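First up is the structure itself, then whatever we jot down about it.
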Amino acid sequence: MKNITIAIDGFSSTGKSTIAKELATKLKYVYVDSGAMYRAVTLYAMQHNLISEEFFLKERLIDELDNIKLAFMFNPDLGFGEIYLNDVNVETEIRNMKVSRLVSKVAEIPEIRKKLVEQQQQMGINKSVVMDGRDIGTVVFPDAELKIFMTASAEKRAKRRFDEFVERGEQVTFDETLKNVEYRDHIDTSRKDSPLVKAKDAIEIDNSTLTRKEQFEKVYKLALEIIESN
Ligand code: DC
């Protein structure tokens with residue numbers, strides 16, 4: 001049995017993290033949600049009045065990067081690591097609509113990407129990791145043994161996100177959620193540094209029509225084939 005690196009990239013709300021978490025649990029691998037790291041940096045910028053809908057003090061945020069400490073701590077009840085920003089658990093806070101609206105601006109900045117990519121590469125240094133994001137198979141782990149690229153229609157993804165907001169009691173409309181999904185798709189695919197693209201050797205899974213169980217089985221089978229091969 002080999003230890004491998006599994007990169008799962010794709011558009012927002014394609015269910016990447018659900019599959020990645022399940023896969024990591026089943027294989028006893030570490031799961032890393034790289035999007036949570038961009039979200040936590042965004043939350044830091046919000047807390048320090050460096051970003052809002054109206055302004056973005058980019059240079060100040062870059063200057064403060066060394067003050068931003070990110071860590072994942074395993075929560076046995078949930079079965080995955082929750083993200084801590086300067087020793088505070090921000091796992092729930094980083095998922096709100098405000099962070100979702102601002103995060104793409106933060107994720108465009110090369111200095112921030114460089115720092116987070118280095119941390120992500122450290123987390124995967126011993127392999128046995130499942131990481132999801134936008135540039136994992138292209139930039140973070142270009143040599144990952146298994147690369148998955150997940151897609152689904154914008155409507156389907158917005159519905160998934162909207163249901164999560166409703167469950168948490170957030171006051172947002174479906175239209176607003178759909179607009180946010182489309183806006184992030186646009187920024188994520190058109191930014192200069194590490195845009196969201198499918199790696200040449202990634203396997204594409206369109207989950208518009210697959211159930212969660214079907215998706216998981218497909219990815220798990222692909223992983224086992226590689227792990228058990230010589
Ligand atoms: O996966 P997510 O929706 O939580 O990601 C939040 C944002 O972070 C998303 O708009 C794009 C950005 N991101 C990125 O640029 N690179 C990654 N590896 C992960 C996320």
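Letters for chains follow the order of the structure tokens (A, B, ...), residue numbers begin at 1 for each chain, and ligand numbers begin at 1 in the order shown.
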Protein and nucleic residues near ligand 1, 7 Å, only C-alpha atoms and all ligand atoms, as a VMD selection string = chain A and resid 12 to 13 34 to 36 38 to 39 100 103 to 104 107 to 108 132 to 136 184 188
Fewer than 2 positions away in the same chain doesn't count, so skip those; otherwise give me all residues within 12 Å of Asn89 of chain A, counting only C-alpha atoms, as a compact mmCIF listing (two decimals) with C-alpha atoms, in the first residue's frame.
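Heads up, here's the output in selection.txt:
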# COMPACT_ATOMS: atom_id res chain seq x y z
CA ALA A 36 -10.73 27.81 4.66
CA ALA A 40 -9.54 32.98 7.45
CA LEU A 43 -11.80 37.31 8.15
CA LYS A 69 -1.27 32.42 12.21
CA LEU A 70 -3.39 29.66 10.71
CA ALA A 71 -3.68 26.12 12.02
CA PHE A 72 -5.99 23.15 11.65
CA MET A 73 -6.88 21.25 14.81
CA PHE A 74 -8.49 17.85 14.56
CA ASN A 75 -11.97 17.69 16.05
CA GLY A 81 -9.50 19.55 11.39
CA GLU A 82 -11.15 22.87 12.14
CA ILE A 83 -9.39 26.09 11.22
CA TYR A 84 -7.95 28.41 13.88
CA LEU A 85 -7.02 32.02 13.21
CA ASN A 86 -4.49 33.23 15.77
CA ASP A 87 -5.61 30.47 18.16
CA GLU A 91 -14.58 27.35 11.34
CA THR A 92 -18.18 28.65 11.40
CA GLU A 93 -17.49 32.37 11.04
CA ILE A 94 -15.50 32.00 7.81
Per DSSP on the backbone, filter segment 13-208 of chain A down to the residues in strand (DSSP E) and report them as a PyMOL selection string.
chain A and resi 30-33+70-75+80-85+88-89+129-133+146-151+203-206
Output of the above residues as a short mmCIF file (atom, residue, chain, number, x, y, z; two decimals), in the first residue's frame, restricted to N, CA, C and O atoms:
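As a result, selection_0.cif now contains:
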data_model
loop_
_atom_site.label_atom_id
_atom_site.label_comp_id
_atom_site.auth_asym_id
_atom_site.auth_seq_id
_atom_site.Cartn_x
_atom_site.Cartn_y
_atom_site.Cartn_z
N VAL A 30 -5.04 12.81 6.13
CA VAL A 30 -5.34 14.15 6.66
C VAL A 30 -6.13 14.91 5.61
O VAL A 30 -5.80 14.86 4.42
N TYR A 31 -7.18 15.61 6.04
CA TYR A 31 -7.95 16.44 5.12
C TYR A 31 -7.57 17.91 5.33
O TYR A 31 -7.55 18.38 6.46
N VAL A 32 -7.28 18.60 4.25
CA VAL A 32 -7.01 20.04 4.37
C VAL A 32 -7.92 20.81 3.41
O VAL A 32 -7.92 20.58 2.20
N ASP A 33 -8.67 21.75 4.00
CA ASP A 33 -9.57 22.61 3.25
C ASP A 33 -8.81 23.91 2.96
O ASP A 33 -8.76 24.80 3.80
N LEU A 70 -2.29 30.59 11.04
CA LEU A 70 -3.39 29.66 10.71
C LEU A 70 -3.00 28.25 11.13
O LEU A 70 -1.85 27.85 10.96
N ALA A 71 -3.95 27.51 11.67
CA ALA A 71 -3.68 26.12 12.02
C ALA A 71 -4.96 25.32 11.93
O ALA A 71 -6.06 25.86 12.12
N PHE A 72 -4.83 24.04 11.61
CA PHE A 72 -5.99 23.15 11.65
C PHE A 72 -5.84 22.26 12.88
O PHE A 72 -4.78 21.71 13.12
N MET A 73 -6.92 22.15 13.66
CA MET A 73 -6.88 21.25 14.81
C MET A 73 -7.97 20.21 14.67
O MET A 73 -9.14 20.56 14.44
N PHE A 74 -7.55 18.95 14.78
CA PHE A 74 -8.49 17.85 14.56
C PHE A 74 -9.59 17.84 15.61
O PHE A 74 -9.32 17.90 16.81
N ASN A 75 -10.84 17.80 15.14
CA ASN A 75 -11.97 17.69 16.05
C ASN A 75 -12.53 16.27 15.91
O ASN A 75 -13.12 15.93 14.88
N PHE A 80 -12.68 15.87 11.32
CA PHE A 80 -11.73 16.62 10.49
C PHE A 80 -11.16 17.80 11.28
O PHE A 80 -11.64 18.10 12.38
N GLY A 81 -10.15 18.43 10.71
CA GLY A 81 -9.50 19.55 11.39
C GLY A 81 -10.25 20.85 11.18
O GLY A 81 -10.59 21.19 10.06
N GLU A 82 -10.49 21.56 12.26
CA GLU A 82 -11.15 22.87 12.14
C GLU A 82 -10.08 23.95 12.09
O GLU A 82 -9.01 23.81 12.68
N ILE A 83 -10.40 25.05 11.39
CA ILE A 83 -9.39 26.09 11.22
C ILE A 83 -9.38 27.08 12.38
O ILE A 83 -10.45 27.49 12.87
N TYR A 84 -8.16 27.43 12.82
CA TYR A 84 -7.95 28.41 13.88
C TYR A 84 -7.19 29.60 13.30
O TYR A 84 -6.19 29.41 12.60
N LEU A 85 -7.69 30.79 13.60
CA LEU A 85 -7.02 32.02 13.21
C LEU A 85 -6.47 32.64 14.47
O LEU A 85 -7.24 32.98 15.38
N VAL A 88 -7.89 31.12 17.58
CA VAL A 88 -9.35 31.15 17.79
C VAL A 88 -10.01 30.29 16.70
O VAL A 88 -9.68 30.43 15.52
N ASN A 89 -10.92 29.44 17.12
CA ASN A 89 -11.64 28.59 16.17
C ASN A 89 -12.60 29.46 15.35
O ASN A 89 -13.53 30.05 15.90
N VAL A 129 -2.49 12.75 2.25
CA VAL A 129 -3.29 13.95 2.45
C VAL A 129 -4.32 14.08 1.33
O VAL A 129 -4.05 13.69 0.19
N VAL A 130 -5.50 14.57 1.69
CA VAL A 130 -6.51 14.93 0.70
C VAL A 130 -6.71 16.43 0.87
O VAL A 130 -7.10 16.88 1.94
N MET A 131 -6.40 17.20 -0.18
CA MET A 131 -6.56 18.65 -0.07
C MET A 131 -7.50 19.13 -1.15
O MET A 131 -7.40 18.70 -2.30
N ASP A 132 -8.42 20.01 -0.78
CA ASP A 132 -9.31 20.55 -1.82
C ASP A 132 -9.12 22.05 -1.97
O ASP A 132 -8.64 22.72 -1.05
N GLY A 133 -9.41 22.55 -3.18
CA GLY A 133 -9.22 23.98 -3.45
C GLY A 133 -9.41 24.30 -4.91
O GLY A 133 -10.32 23.76 -5.56
N LEU A 146 -3.26 11.48 -7.55
CA LEU A 146 -4.65 11.50 -8.01
C LEU A 146 -5.16 12.94 -7.98
O LEU A 146 -5.08 13.62 -6.95
N LYS A 147 -5.65 13.39 -9.14
CA LYS A 147 -6.21 14.74 -9.23
C LYS A 147 -7.64 14.64 -9.75
O LYS A 147 -7.89 14.02 -10.78
N ILE A 148 -8.53 15.26 -9.01
CA ILE A 148 -9.94 15.26 -9.40
C ILE A 148 -10.35 16.70 -9.66
O ILE A 148 -9.96 17.61 -8.92
N PHE A 149 -11.14 16.91 -10.70
CA PHE A 149 -11.65 18.26 -10.98
C PHE A 149 -13.17 18.17 -10.97
O PHE A 149 -13.77 17.49 -11.81
N MET A 150 -13.80 18.82 -10.01
CA MET A 150 -15.25 18.68 -9.86
C MET A 150 -16.00 19.87 -10.43
O MET A 150 -15.64 21.02 -10.19
N THR A 151 -17.05 19.58 -11.17
CA THR A 151 -17.88 20.64 -11.73
C THR A 151 -19.36 20.33 -11.46
O THR A 151 -19.71 19.19 -11.13
N ILE A 203 -8.92 14.13 -13.42
CA ILE A 203 -10.12 13.42 -13.88
C ILE A 203 -11.32 14.28 -13.54
O ILE A 203 -11.51 14.66 -12.38
N GLU A 204 -12.12 14.61 -14.56
CA GLU A 204 -13.24 15.52 -14.33
C GLU A 204 -14.49 14.75 -13.89
O GLU A 204 -14.83 13.73 -14.47
N ILE A 205 -15.13 15.25 -12.86
CA ILE A 205 -16.38 14.64 -12.41
C ILE A 205 -17.45 15.72 -12.38
O ILE A 205 -17.33 16.70 -11.63
N ASP A 206 -18.46 15.58 -13.21
CA ASP A 206 -19.57 16.54 -13.19
C ASP A 206 -20.63 15.95 -12.28
O ASP A 206 -21.24 14.92 -12.61
#
Mind dumping a table of every segment 46-151 of chain A residue within 10 Å of segment 166-182 of chain A, with the nearest atom pair and its distance in Å to one decimal, using only C-alpha atoms, sorted by chain and rising number, as a tab-separated table?
residue	atom	partner	partner_atom	distance
A:Thr92	CA	A:Arg168	CA	9.6
A:Arg95	CA	A:Arg168	CA	10.0
A:Asn96	CA	A:Glu170	CA	7.9
A:Met97	CA	A:Val172	CA	8.0
A:Ser100	CA	A:Asn180	CA	7.6
A:Arg101	CA	A:Asn180	CA	6.6
A:Leu102	CA	A:Asn180	CA	9.9
So how many Å separate atom CA of Asp143 of chain A and atom CA of Asn207 of chain A, to one decimal?
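Straight-line distance from atom CA of Asp143 of chain A to atom CA of Asn207 of chain A works out to 24.7 Å.
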Using only C-alpha atoms, which of the listed residues (A:Ser208, A:Lys2, A:Glu225, A:His186) sits closest to Arg157 of chain A?
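Comparing A:Ser208, A:Lys2, A:Glu225, A:His186 against Arg157 of chain A, the winner is A:Ser208.
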Could you name the residues that touch Met1 of chain A at 7 Å or less, counting only C-alpha atoms, but leaving out those on the same chain fewer than 2 positions away, as a VMD selection string?
chain A and resid 3 227 to 228
Please produce an output containing N, CA, C and O atoms for each residue in the selection, written as an mmCIF file, in the first residue's frame.
data_model
loop_
_atom_site.group_PDB
_atom_site.id
_atom_site.type_symbol
_atom_site.label_atom_id
_atom_site.label_comp_id
_atom_site.auth_asym_id
_atom_site.auth_seq_id
_atom_site.Cartn_x
_atom_site.Cartn_y
_atom_site.Cartn_z
ATOM 1 N N ASN A 3 1.432 5.459 0.142
ATOM 2 C CA ASN A 3 0.804 6.696 0.595
ATOM 3 C C ASN A 3 0.792 7.657 -0.583
ATOM 4 O O ASN A 3 1.820 7.851 -1.221
ATOM 5 N N ILE A 227 -3.467 3.413 -4.935
ATOM 6 C CA ILE A 227 -2.833 2.994 -3.678
ATOM 7 C C ILE A 227 -2.380 1.535 -3.749
ATOM 8 O O ILE A 227 -1.322 1.179 -3.251
ATOM 9 N N GLU A 228 -3.180 0.714 -4.395
ATOM 10 C CA GLU A 228 -2.871 -0.714 -4.424
ATOM 11 C C GLU A 228 -1.976 -1.116 -5.597
ATOM 12 O O GLU A 228 -1.575 -2.261 -5.700
#
From atom CA of Lys159 of chain A to atom CA of Ala45 of chain A the spacing works out at 28.1 Å
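In this comparison, which uses only C-alpha atoms, the residue of A:Asp185, A:Glu54, A:Glu214, A:Asp193 approaching Pro110 of chain A most closely is A:Asp193.
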Practice prompt. Name the closest residue to Ile4 of chain A among the candidates A:Thr189, A:Thr138, A:Asn126, A:Thr211; distances are taken between atoms, counting only C-alpha atoms.
Written response: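 For Ile4 of chain A, the nearest of the given residues is A:Asn126.
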| request: Can you pull out every residue within 12 Å of Leu57 of chain A, counting only C-alpha atoms, but drop anything in the same chain fewer than 5 positions away, and send it as a PyMOL selection string? | output: chain A and resi 42+45-46+48-52+62-64+105-106+109
Calculated over only C-alpha atoms, which of the candidates A:Ile8, A:Gln122, A:Leu222, A:Ser128 has the smallest distance to Thr25 of chain A?
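Looking at the shortest contact to Thr25 of chain A, the residue is A:Ser128.
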